[in-house]
file entry-v1.pdb (PDB, C-alpha atoms, pLDDT in the B column)
ATOM      1  CA  MET A   1     108.541  96.510 125.255  1.00 79.00           C
ATOM      2  CA  ARG A   2     105.792  97.110 122.719  1.00 87.00           C
ATOM      3  CA  ILE A   3     103.751 100.327 122.780  1.00 93.00           C
ATOM      4  CA  LEU A   4     100.664 101.534 120.919  1.00 95.00           C
ATOM      5  CA  LEU A   5     100.511 105.273 120.236  1.00 96.00           C
ATOM      6  CA  ALA A   6      97.174 106.808 119.186  1.00 96.00           C
ATOM      7  CA  GLU A   7      97.705 110.491 118.354  1.00 95.00           C
ATOM      8  CA  ASP A   8      95.945 112.378 115.556  1.00 93.00           C
ATOM      9  CA  GLU A   9      98.541 115.159 115.224  1.00 93.00           C
ATOM     10  CA  ARG A  10     100.647 113.488 112.550  1.00 94.00           C
ATOM     11  CA  ASP A  11     103.879 115.414 113.129  1.00 95.00           C
ATOM     12  CA  LEU A  12     103.717 114.792 116.873  1.00 94.00           C
ATOM     13  CA  ASN A  13     102.826 111.151 116.250  1.00 95.00           C
ATOM     14  CA  ARG A  14     105.887 110.752 114.044  1.00 95.00           C
ATOM     15  CA  ILE A  15     108.215 112.525 116.499  1.00 95.00           C
ATOM     16  CA  ILE A  16     107.036 110.461 119.480  1.00 95.00           C
ATOM     17  CA  THR A  17     107.314 107.243 117.465  1.00 94.00           C
ATOM     18  CA  GLU A  18     110.861 108.095 116.397  1.00 93.00           C
ATOM     19  CA  LYS A  19     111.871 109.002 119.965  1.00 91.00           C
ATOM     20  CA  LEU A  20     110.445 105.844 121.516  1.00 91.00           C
ATOM     21  CA  THR A  21     111.916 103.688 118.749  1.00 88.00           C
ATOM     22  CA  SER A  22     115.353 105.219 119.321  1.00 85.00           C
ATOM     23  CA  ASP A  23     114.948 104.333 123.005  1.00 83.00           C
ATOM     24  CA  GLY A  24     114.462 100.680 122.069  1.00 79.00           C
ATOM     25  CA  TYR A  25     110.680 100.392 122.199  1.00 86.00           C
ATOM     26  CA  SER A  26     108.688  98.646 119.495  1.00 86.00           C
ATOM     27  CA  VAL A  27     105.986 101.136 118.482  1.00 91.00           C
ATOM     28  CA  ASP A  28     102.765 100.774 116.494  1.00 92.00           C
ATOM     29  CA  SER A  29     100.984 104.047 115.814  1.00 94.00           C
ATOM     30  CA  CYS A  30      97.617 105.206 114.512  1.00 95.00           C
ATOM     31  CA  HIS A  31      95.773 108.498 114.117  1.00 95.00           C
ATOM     32  CA  ASP A  32      92.194 107.833 115.237  1.00 94.00           C
ATOM     33  CA  GLY A  33      90.377 106.164 118.093  1.00 95.00           C
ATOM     34  CA  LYS A  34      88.451 103.627 116.046  1.00 95.00           C
ATOM     35  CA  GLU A  35      91.659 102.201 114.588  1.00 95.00           C
ATOM     36  CA  ALA A  36      93.163 102.090 118.078  1.00 96.00           C
ATOM     37  CA  MET A  37      90.166 100.043 119.275  1.00 95.00           C
ATOM     38  CA  ASP A  38      90.571  97.611 116.387  1.00 94.00           C
ATOM     39  CA  ILE A  39      94.299  97.169 117.044  1.00 94.00           C
ATOM     40  CA  LEU A  40      93.827  96.674 120.789  1.00 94.00           C
ATOM     41  CA  ALA A  41      91.172  94.032 120.180  1.00 91.00           C
ATOM     42  CA  TYR A  42      93.759  91.739 118.572  1.00 88.00           C
ATOM     43  CA  THR A  43      97.156  92.780 119.930  1.00 88.00           C
ATOM     44  CA  ASP A  44      98.554  92.958 123.455  1.00 87.00           C
ATOM     45  CA  TYR A  45     100.853  95.826 124.432  1.00 91.00           C
ATOM     46  CA  ASP A  46     103.042  96.659 127.394  1.00 89.00           C
ATOM     47  CA  ALA A  47     101.721 100.243 127.394  1.00 93.00           C
ATOM     48  CA  VAL A  48      99.307 102.450 125.456  1.00 96.00           C
ATOM     49  CA  ILE A  49      99.572 106.203 124.871  1.00 96.00           C
ATOM     50  CA  LEU A  50      96.239 107.826 123.985  1.00 95.00           C
ATOM     51  CA  ASP A  51      95.381 111.320 122.857  1.00 93.00           C
ATOM     52  CA  ILE A  52      91.948 112.275 124.214  1.00 91.00           C
ATOM     53  CA  MET A  53      90.591 114.297 121.289  1.00 90.00           C
ATOM     54  CA  MET A  54      90.750 112.025 118.238  1.00 93.00           C
ATOM     55  CA  PRO A  55      88.488 111.369 115.251  1.00 93.00           C
ATOM     56  CA  GLY A  56      86.538 108.109 115.131  1.00 93.00           C
ATOM     57  CA  ALA A  57      86.457 107.701 118.919  1.00 94.00           C
ATOM     58  CA  ASP A  58      87.995 109.765 121.686  1.00 92.00           C
ATOM     59  CA  GLY A  59      90.548 108.479 124.151  1.00 92.00           C
ATOM     60  CA  PHE A  60      87.934 107.876 126.838  1.00 92.00           C
ATOM     61  CA  ALA A  61      86.006 105.567 124.496  1.00 94.00           C
ATOM     62  CA  VAL A  62      89.181 103.683 123.561  1.00 95.00           C
ATOM     63  CA  LEU A  63      90.082 103.223 127.215  1.00 94.00           C
ATOM     64  CA  LYS A  64      86.561 102.086 128.101  1.00 93.00           C
ATOM     65  CA  SER A  65      86.688  99.500 125.306  1.00 93.00           C
ATOM     66  CA  LEU A  66      90.058  98.240 126.563  1.00 93.00           C
ATOM     67  CA  ARG A  67      88.895  97.937 130.164  1.00 92.00           C
ATOM     68  CA  ASN A  68      85.604  96.314 129.145  1.00 92.00           C
ATOM     69  CA  ALA A  69      87.716  93.636 127.464  1.00 92.00           C
ATOM     70  CA  LYS A  70      89.269  92.990 130.920  1.00 91.00           C
ATOM     71  CA  LYS A  71      92.697  94.150 129.741  1.00 90.00           C
ATOM     72  CA  THR A  72      94.836  95.801 132.393  1.00 89.00           C
ATOM     73  CA  THR A  73      97.381  97.272 129.955  1.00 92.00           C
ATOM     74  CA  PRO A  74      98.769 100.499 131.452  1.00 93.00           C
ATOM     75  CA  VAL A  75      97.442 103.594 129.668  1.00 95.00           C
ATOM     76  CA  LEU A  76      98.789 107.136 129.601  1.00 95.00           C
ATOM     77  CA  PHE A  77      96.581 109.981 128.377  1.00 94.00           C
ATOM     78  CA  LEU A  78      98.520 112.557 126.345  1.00 89.00           C
ATOM     79  CA  THR A  79      96.431 115.688 125.867  1.00 85.00           C
ATOM     80  CA  ALA A  80      96.237 119.475 125.774  1.00 84.00           C
ATOM     81  CA  ARG A  81      93.313 119.424 128.227  1.00 76.00           C
ATOM     82  CA  ASP A  82      94.943 120.480 131.464  1.00 73.00           C
ATOM     83  CA  SER A  83      92.168 121.346 133.908  1.00 76.00           C
ATOM     84  CA  VAL A  84      91.971 119.490 137.209  1.00 80.00           C
ATOM     85  CA  SER A  85      88.552 118.118 136.259  1.00 81.00           C
ATOM     86  CA  ASP A  86      89.974 116.713 133.000  1.00 78.00           C
ATOM     87  CA  ARG A  87      92.810 115.007 134.870  1.00 79.00           C
ATOM     88  CA  VAL A  88      90.445 113.591 137.463  1.00 84.00           C
ATOM     89  CA  LYS A  89      88.121 112.275 134.746  1.00 83.00           C
ATOM     90  CA  GLY A  90      91.041 110.673 132.913  1.00 80.00           C
ATOM     91  CA  LEU A  91      92.390 108.908 135.977  1.00 83.00           C
ATOM     92  CA  ASP A  92      88.949 107.892 137.277  1.00 85.00           C
ATOM     93  CA  SER A  93      88.108 106.385 133.886  1.00 83.00           C
ATOM     94  CA  GLY A  94      90.904 103.856 134.308  1.00 86.00           C
ATOM     95  CA  ALA A  95      94.008 105.581 132.966  1.00 90.00           C
ATOM     96  CA  ASN A  96      97.266 104.991 134.813  1.00 91.00           C
ATOM     97  CA  ASP A  97      98.786 108.381 134.075  1.00 92.00           C
ATOM     98  CA  TYR A  98      98.075 111.728 132.437  1.00 90.00           C
ATOM     99  CA  LEU A  99     100.577 114.008 130.681  1.00 91.00           C
ATOM    100  CA  VAL A 100      99.716 117.478 129.396  1.00 90.00           C
ATOM    101  CA  LYS A 101     101.048 118.905 126.120  1.00 89.00           C
ATOM    102  CA  PRO A 102     103.545 120.424 125.612  1.00 88.00           C
ATOM    103  CA  PHE A 103     105.698 117.933 127.486  1.00 90.00           C
ATOM    104  CA  SER A 104     109.287 116.820 127.951  1.00 91.00           C
ATOM    105  CA  PHE A 105     110.236 113.612 126.159  1.00 92.00           C
ATOM    106  CA  ASP A 106     112.364 112.675 129.158  1.00 91.00           C
ATOM    107  CA  GLU A 107     109.268 112.933 131.340  1.00 93.00           C
ATOM    108  CA  LEU A 108     107.212 110.899 128.870  1.00 93.00           C
ATOM    109  CA  THR A 109     109.733 108.057 128.817  1.00 91.00           C
ATOM    110  CA  ALA A 110     110.093 108.189 132.615  1.00 90.00           C
ATOM    111  CA  ARG A 111     106.324 107.861 133.005  1.00 92.00           C
ATOM    112  CA  ILE A 112     106.259 104.951 130.548  1.00 92.00           C
ATOM    113  CA  ARG A 113     108.987 103.186 132.528  1.00 87.00           C
ATOM    114  CA  ALA A 114     107.047 103.766 135.741  1.00 87.00           C
ATOM    115  CA  MET A 115     103.825 102.354 134.263  1.00 89.00           C
ATOM    116  CA  ILE A 116     105.525  99.260 132.886  1.00 85.00           C
ATOM    117  CA  ARG A 117     107.458  98.783 136.134  1.00 80.00           C
ATOM    118  CA  SER A 118     104.246  98.971 138.139  1.00 79.00           C
ATOM    119  CA  SER A 119     102.425  96.568 135.823  1.00 74.00           C
ATOM    120  CA  HIS A 120     105.166  93.993 136.399  1.00 67.00           C
ATOM    121  CA  GLY A 121     105.194  94.542 140.164  1.00 62.00           C
ATOM    122  CA  ALA A 122     108.696  96.012 140.215  1.00 60.00           C
ATOM    123  CA  ALA A 123     109.467  98.485 142.981  1.00 55.00           C
ATOM    124  CA  GLY A 124     112.398 100.294 141.377  1.00 65.00           C
ATOM    125  CA  ASN A 125     114.204 100.957 138.144  1.00 75.00           C
ATOM    126  CA  GLU A 126     116.604  98.030 138.571  1.00 84.00           C
ATOM    127  CA  LEU A 127     115.948  94.508 137.350  1.00 88.00           C
ATOM    128  CA  SER A 128     118.242  91.681 138.366  1.00 91.00           C
ATOM    129  CA  VAL A 129     118.675  87.978 137.752  1.00 93.00           C
ATOM    130  CA  GLY A 130     121.671  86.545 139.564  1.00 91.00           C
ATOM    131  CA  ASP A 131     124.576  88.929 138.962  1.00 93.00           C
ATOM    132  CA  LEU A 132     122.928  90.364 135.828  1.00 95.00           C
ATOM    133  CA  VAL A 133     121.603  93.863 136.574  1.00 95.00           C
ATOM    134  CA  MET A 134     119.648  96.250 134.347  1.00 92.00           C
ATOM    135  CA  ASP A 135     119.206  99.913 135.279  1.00 90.00           C
ATOM    136  CA  CYS A 136     116.128 100.852 133.231  1.00 83.00           C
ATOM    137  CA  ALA A 137     116.502 104.591 133.868  1.00 78.00           C
ATOM    138  CA  ALA A 138     120.146 104.750 132.788  1.00 83.00           C
ATOM    139  CA  ARG A 139     119.657 101.968 130.196  1.00 85.00           C
ATOM    140  CA  ARG A 140     122.768 100.292 131.580  1.00 91.00           C
ATOM    141  CA  VAL A 141     123.379  96.559 131.866  1.00 95.00           C
ATOM    142  CA  THR A 142     126.077  94.893 133.923  1.00 95.00           C
ATOM    143  CA  ARG A 143     127.006  91.354 134.830  1.00 94.00           C
ATOM    144  CA  GLY A 144     129.266  90.806 137.787  1.00 92.00           C
ATOM    145  CA  GLY A 145     129.810  94.573 137.829  1.00 91.00           C
ATOM    146  CA  LYS A 146     131.109  94.642 134.237  1.00 93.00           C
ATOM    147  CA  GLU A 147     129.133  96.806 131.811  1.00 95.00           C
ATOM    148  CA  ILE A 148     127.686  95.117 128.714  1.00 95.00           C
ATOM    149  CA  ALA A 149     127.110  97.118 125.520  1.00 95.00           C
ATOM    150  CA  LEU A 150     123.820  96.239 123.829  1.00 93.00           C
ATOM    151  CA  SER A 151     122.058  97.477 120.722  1.00 89.00           C
ATOM    152  CA  ALA A 152     118.591  98.981 121.170  1.00 85.00           C
ATOM    153  CA  ARG A 153     116.950  95.744 120.004  1.00 86.00           C
ATOM    154  CA  GLU A 154     119.156  93.559 122.195  1.00 91.00           C
ATOM    155  CA  TYR A 155     118.339  95.771 125.172  1.00 90.00           C
ATOM    156  CA  ALA A 156     114.592  95.559 124.447  1.00 87.00           C
ATOM    157  CA  LEU A 157     114.761  91.772 124.225  1.00 91.00           C
ATOM    158  CA  LEU A 158     116.763  91.464 127.442  1.00 93.00           C
ATOM    159  CA  GLU A 159     114.389  93.847 129.244  1.00 90.00           C
ATOM    160  CA  TYR A 160     111.425  91.715 128.203  1.00 90.00           C
ATOM    161  CA  LEU A 161     113.170  88.537 129.368  1.00 93.00           C
ATOM    162  CA  MET A 162     114.101  90.141 132.699  1.00 91.00           C
ATOM    163  CA  HIS A 163     110.585  91.455 133.320  1.00 88.00           C
ATOM    164  CA  ASN A 164     109.454  87.847 132.796  1.00 90.00           C
ATOM    165  CA  ALA A 165     112.330  86.114 134.567  1.00 91.00           C
ATOM    166  CA  GLY A 166     111.542  82.463 135.270  1.00 92.00           C
ATOM    167  CA  ILE A 167     108.715  82.388 132.716  1.00 93.00           C
ATOM    168  CA  VAL A 168     109.135  80.428 129.491  1.00 94.00           C
ATOM    169  CA  LEU A 169     108.371  82.719 126.541  1.00 93.00           C
ATOM    170  CA  THR A 170     107.525  81.321 123.122  1.00 91.00           C
ATOM    171  CA  ARG A 171     109.214  82.690 120.018  1.00 89.00           C
ATOM    172  CA  GLU A 172     105.859  84.063 118.883  1.00 85.00           C
ATOM    173  CA  LYS A 173     105.300  85.921 122.154  1.00 86.00           C
ATOM    174  CA  ILE A 174     108.784  87.403 122.066  1.00 88.00           C
ATOM    175  CA  GLU A 175     108.389  88.486 118.452  1.00 85.00           C
ATOM    176  CA  ASP A 176     104.995  90.050 119.167  1.00 80.00           C
ATOM    177  CA  HIS A 177     106.433  92.171 121.986  1.00 80.00           C
ATOM    178  CA  ILE A 178     109.751  93.212 120.457  1.00 81.00           C
ATOM    179  CA  TRP A 179     108.925  93.786 116.801  1.00 74.00           C
ATOM    180  CA  ASN A 180     106.057  95.898 115.464  1.00 67.00           C
ATOM    181  CA  TYR A 181     103.767  95.417 112.469  1.00 65.00           C
ATOM    182  CA  ASP A 182     106.248  97.065 110.082  1.00 64.00           C
ATOM    183  CA  TYR A 183     108.985  94.516 110.695  1.00 63.00           C
ATOM    184  CA  GLU A 184     109.887  92.505 107.596  1.00 59.00           C
ATOM    185  CA  GLY A 185     112.811  90.445 108.838  1.00 57.00           C
ATOM    186  CA  GLY A 186     113.418  86.720 108.685  1.00 58.00           C
ATOM    187  CA  THR A 187     111.396  84.061 110.440  1.00 66.00           C
ATOM    188  CA  ASN A 188     114.322  83.165 112.723  1.00 85.00           C
ATOM    189  CA  VAL A 189     114.817  86.717 114.032  1.00 87.00           C
ATOM    190  CA  VAL A 190     114.160  85.707 117.656  1.00 89.00           C
ATOM    191  CA  ASP A 191     116.750  82.909 117.522  1.00 91.00           C
ATOM    192  CA  VAL A 192     119.281  85.304 115.970  1.00 92.00           C
ATOM    193  CA  TYR A 193     118.868  87.924 118.695  1.00 92.00           C
ATOM    194  CA  ILE A 194     118.871  85.318 121.453  1.00 95.00           C
ATOM    195  CA  SER A 195     122.240  84.147 120.115  1.00 95.00           C
ATOM    196  CA  TYR A 196     123.501  87.758 120.168  1.00 95.00           C
ATOM    197  CA  LEU A 197     122.449  88.096 123.808  1.00 95.00           C
ATOM    198  CA  ARG A 198     123.979  84.772 124.780  1.00 95.00           C
ATOM    199  CA  ARG A 199     127.349  85.847 123.392  1.00 95.00           C
ATOM    200  CA  LYS A 200     127.232  89.053 125.405  1.00 95.00           C
ATOM    201  CA  ILE A 201     125.539  87.805 128.592  1.00 95.00           C
ATOM    202  CA  ASP A 202     126.615  84.177 129.018  1.00 95.00           C
ATOM    203  CA  SER A 203     129.855  83.783 127.068  1.00 92.00           C
ATOM    204  CA  GLY A 204     132.676  82.914 129.446  1.00 89.00           C
ATOM    205  CA  GLN A 205     130.318  82.654 132.421  1.00 92.00           C
ATOM    206  CA  GLU A 206     130.122  79.512 134.525  1.00 90.00           C
ATOM    207  CA  GLN A 207     126.417  80.052 135.174  1.00 92.00           C
ATOM    208  CA  LYS A 208     124.310  80.459 132.047  1.00 94.00           C
ATOM    209  CA  LEU A 209     121.197  82.610 132.444  1.00 96.00           C
ATOM    210  CA  ILE A 210     119.494  82.296 129.041  1.00 96.00           C
ATOM    211  CA  HIS A 211     118.037  78.826 128.558  1.00 95.00           C
ATOM    212  CA  THR A 212     116.267  77.085 125.692  1.00 94.00           C
ATOM    213  CA  VAL A 213     113.212  75.040 126.631  1.00 92.00           C
ATOM    214  CA  ARG A 214     112.891  72.593 123.788  1.00 90.00           C
ATOM    215  CA  GLY A 215     109.600  72.826 121.946  1.00 87.00           C
ATOM    216  CA  ARG A 216     108.482  75.834 123.982  1.00 90.00           C
ATOM    217  CA  GLY A 217     110.848  78.805 123.778  1.00 92.00           C
ATOM    218  CA  TYR A 218     113.307  80.674 125.976  1.00 95.00           C
ATOM    219  CA  VAL A 219     113.591  81.622 129.622  1.00 95.00           C
ATOM    220  CA  LEU A 220     115.928  83.846 131.621  1.00 95.00           C
ATOM    221  CA  ARG A 221     116.688  82.337 135.019  1.00 93.00           C
ATOM    222  CA  GLU A 222     119.417  81.225 137.349  1.00 88.00           C
ATOM    223  CA  PRO A 223     120.382  77.552 136.972  1.00 76.00           C
TER     224      PRO A 223
END
call {"tool": "encode", "arguments": {"input": "entry-v1.pdb", "output": "C-alpha cells"}}
result
Amino acid sequence: MRILLAEDERDLNRIITEKLTSDGYSVDSCHDGKEAMDILAYTDYDAVILDIMMPGADGFAVLKSLRNAKKTTPVLFLTARDSVSDRVKGLDSGANDYLVKPFSFDELTARIRAMIRSSHGAAGNELSVGDLVMDCAARRVTRGGKEIALSAREYALLEYLMHNAGIVLTREKIEDHIWNYDYEGGTNVVDVYISYLRRKIDSGQEQKLIHTVRGRGYVLREP
C-alpha cells in the first residue's frame, strides 16, 4: 500500500517514514501543504497522513483540494491540536480519522489499516482468496493452514493483490502502488516480485492463484 505523509516536523517525518517503510508500506513524504497538493494532483495513494499546521497550505486546505478533485482517498489528520472542536472540524471537513500527538506508532498503524480496510469494503483484518489467508493485523500469511514467510515488499505486493482480488492490475498500477518515487530498480521489478510470490504461494499447489493476463497484467483469483 502506498502512503503520502505531509508533516513539517522533519525528525518526526523521518521517524514515521522509517516506521511505515519497515512495516512494508511504500511512503512518499513532504514537509509543506503546497507540495502535498501538487503530489496528490498527479498520484493516487491508498492513504494520506496530514499534519494540520504546515507552511504553504494547512492540512484543511490540502484535504479540501483532494475532495474537490473527487478523490475519496482515506485521510488521517496527525496534529497537536486536541480540542473537541478541532477534532469535529477535522472530521466534518472530510477526514476519515484524527490522531493527536504524541501518539503510539502501534495505534497509528492500526488506524491506517482500518482506513484502508474500510476503503476497500473489508469488514475485518483478514483477507482471503481460496485457502490463502492474510491477517493484516498480525502480518501473517497462510495457505492451507501453513504459514508463508514473506519479505516486507512481497507482503505489500500480496496485500495489494488481495485487496483487489479478481481485478486485473497492470504492471504500471502495481509499481505505482508498491514502490515510491525514490525507487531506482529495474524496469522488470514487478515481474521479478510476482515470480517470488508465485514460488511461495503457488509452488506445489494444484490450484494456482496468481495469474498472468497476457497484454494486461496480473490478477489474484481462484481458477
call {"tool": "resolve_selection", "arguments": {"input": "entry-v1.pdb", "expression": "the PyMOL selection byres ((chain A and resi 36) around 9)", "output": "count of residues only"}}
result
18
call {"tool": "closest_residue", "arguments": {"input": "entry-v1.pdb", "among": "A:Tyr155, A:Phe60, A:Tyr25, A:Tyr196", "to": "Arg113 in chain A", "atoms": "only C-alpha atoms"}}
result
A:Tyr25
call {"tool": "resolve_selection", "arguments": {"input": "entry-v1.pdb", "expression": "the PyMOL selection byres ((chain A and resi 134) around 10)", "output": "list in words"}}
result
Asn125, Glu126, Leu127, Ser128, Val129, Asp131, Leu132, Val133, Asp135, Cys136, Ala137, Ala138, Arg139, Arg140, Val141, Thr142, Arg143, Glu147, Ile148, Tyr155, Leu158, Glu159 and Met162 of chain A
call {"tool": "residues_around", "arguments": {"input": "entry-v1.pdb", "residues": "Ile174 in chain A", "least_positions_apart": "4", "cutoff": "10 Å", "atoms": "only C-alpha atoms", "output": "PyMOL selection string"}}
result
chain A and resi 1+157+160-161+169-170+178-179+190+217-218
call {"tool": "write_last_selection", "arguments": {"input": "entry-v1.pdb", "atoms": "C-alpha atoms", "output": "PDB file, keeping the file's coordinate frame"}}
result
ATOM      1  CA  MET A   1     108.541  96.510 125.255  1.00 79.00           C
ATOM      2  CA  LEU A 157     114.761  91.772 124.225  1.00 91.00           C
ATOM      3  CA  TYR A 160     111.425  91.715 128.203  1.00 90.00           C
ATOM      4  CA  LEU A 161     113.170  88.537 129.368  1.00 93.00           C
ATOM      5  CA  LEU A 169     108.371  82.719 126.541  1.00 93.00           C
ATOM      6  CA  THR A 170     107.525  81.321 123.122  1.00 91.00           C
ATOM      7  CA  ILE A 178     109.751  93.212 120.457  1.00 81.00           C
ATOM      8  CA  TRP A 179     108.925  93.786 116.801  1.00 74.00           C
ATOM      9  CA  VAL A 190     114.160  85.707 117.656  1.00 89.00           C
ATOM     10  CA  GLY A 217     110.848  78.805 123.778  1.00 92.00           C
ATOM     11  CA  TYR A 218     113.307  80.674 125.976  1.00 95.00           C
TER      12      TYR A 218
END
call {"tool": "closest_residue", "arguments": {"input": "entry-v1.pdb", "among": "A:Ala95, A:Asp44, A:Ile201, A:Ser85", "to": "Ala149 in chain A", "atoms": "only C-alpha atoms"}}
result
A:Ile201
call {"tool": "atom_distance", "arguments": {"input": "entry-v1.pdb", "atom1": "CA of Arg111 in chain A", "atom2": "CA of Asp23 in chain A"}}
result
13.7 Å
call {"tool": "residues_around", "arguments": {"input": "entry-v1.pdb", "residues": "Lys70 in chain A", "least_positions_apart": "2", "cutoff": "12 Å", "atoms": "only C-alpha atoms", "output": "ChimeraX atom specification"}}
result
/A:40-41,44,63-68,72-73,94
call {"tool": "write_last_selection", "arguments": {"input": "entry-v1.pdb", "atoms": "C-alpha atoms", "output": "mmCIF file, in the frame of the given file"}}
result
data_model
loop_
_atom_site.group_PDB
_atom_site.id
_atom_site.type_symbol
_atom_site.label_atom_id
_atom_site.label_comp_id
_atom_site.auth_asym_id
_atom_site.auth_seq_id
_atom_site.Cartn_x
_atom_site.Cartn_y
_atom_site.Cartn_z
ATOM 1 C CA LEU A 40 93.827 96.674 120.789
ATOM 2 C CA ALA A 41 91.172 94.032 120.180
ATOM 3 C CA ASP A 44 98.554 92.958 123.455
ATOM 4 C CA LEU A 63 90.082 103.223 127.215
ATOM 5 C CA LYS A 64 86.561 102.086 128.101
ATOM 6 C CA SER A 65 86.688 99.500 125.306
ATOM 7 C CA LEU A 66 90.058 98.240 126.563
ATOM 8 C CA ARG A 67 88.895 97.937 130.164
ATOM 9 C CA ASN A 68 85.604 96.314 129.145
ATOM 10 C CA THR A 72 94.836 95.801 132.393
ATOM 11 C CA THR A 73 97.381 97.272 129.955
ATOM 12 C CA GLY A 94 90.904 103.856 134.308
#
call {"tool": "residues_around", "arguments": {"input": "entry-v1.pdb", "residues": "range 18-20 of chain A", "least_positions_apart": "4", "cutoff": "9 Å", "atoms": "only C-alpha atoms", "output": "list of chain:residue names"}}
result
A:Ile3, A:Asn13, A:Arg14, A:Gly24, A:Tyr25, A:Ser26, A:Val27, A:Phe105, A:Thr109
call {"tool": "closest_residue", "arguments": {"input": "entry-v1.pdb", "among": "A:His211, A:His177, A:Arg117, A:Arg171", "to": "Val189 in chain A", "atoms": "only C-alpha atoms"}}
result
A:Arg171
call {"tool": "closest_residue", "arguments": {"input": "entry-v1.pdb", "among": "A:Thr43, A:Gln207, A:Ser93, A:Thr212", "to": "Gly130 in chain A", "atoms": "all atoms listed in the file"}}
result
A:Gln207
call {"tool": "closest_residue", "arguments": {"input": "entry-v1.pdb", "among": "A:Glu222, A:Asp82, A:Glu154, A:Glu172", "to": "Ser195 in chain A", "atoms": "all atoms listed in the file"}}
result
A:Glu154
call {"tool": "residues_around", "arguments": {"input": "entry-v1.pdb", "residues": "range 87-91 of chain A", "least_positions_apart": "6", "cutoff": "9 Å", "atoms": "all atoms listed in the file", "output": "ChimeraX atom specification"}}
result
/A:52,60,77,81,97-99
call {"tool": "atom_distance", "arguments": {"input": "entry-v1.pdb", "atom1": "CA of Ser83 in chain A", "atom2": "CA of Ser119 in chain A"}}
result
26.9 Å
call {"tool": "residues_near_point", "arguments": {"input": "entry-v1.pdb", "point": "(101.9, 104.9, 127.3)", "cutoff": "6 Å", "atoms": "only C-alpha atoms", "output": "PyMOL selection string"}}
result
chain A and resi 47-49+75-76+112
call {"tool": "closest_residue", "arguments": {"input": "entry-v1.pdb", "among": "A:Val84, A:Ala61, A:Glu206, A:Tyr193", "to": "Gly144 in chain A", "atoms": "all atoms listed in the file"}}
result
A:Glu206
call {"tool": "residues_around", "arguments": {"input": "entry-v1.pdb", "residues": "Arg221 in chain A", "least_positions_apart": "2", "cutoff": "6 Å", "atoms": "only C-alpha atoms", "output": "list in words"}}
result
Ala165, Gly166 and Leu209 of chain A
call {"tool": "atom_distance", "arguments": {"input": "entry-v1.pdb", "atom1": "CA of Ser151 in chain A", "atom2": "CA of Leu78 in chain A"}}
result
28.5 Å
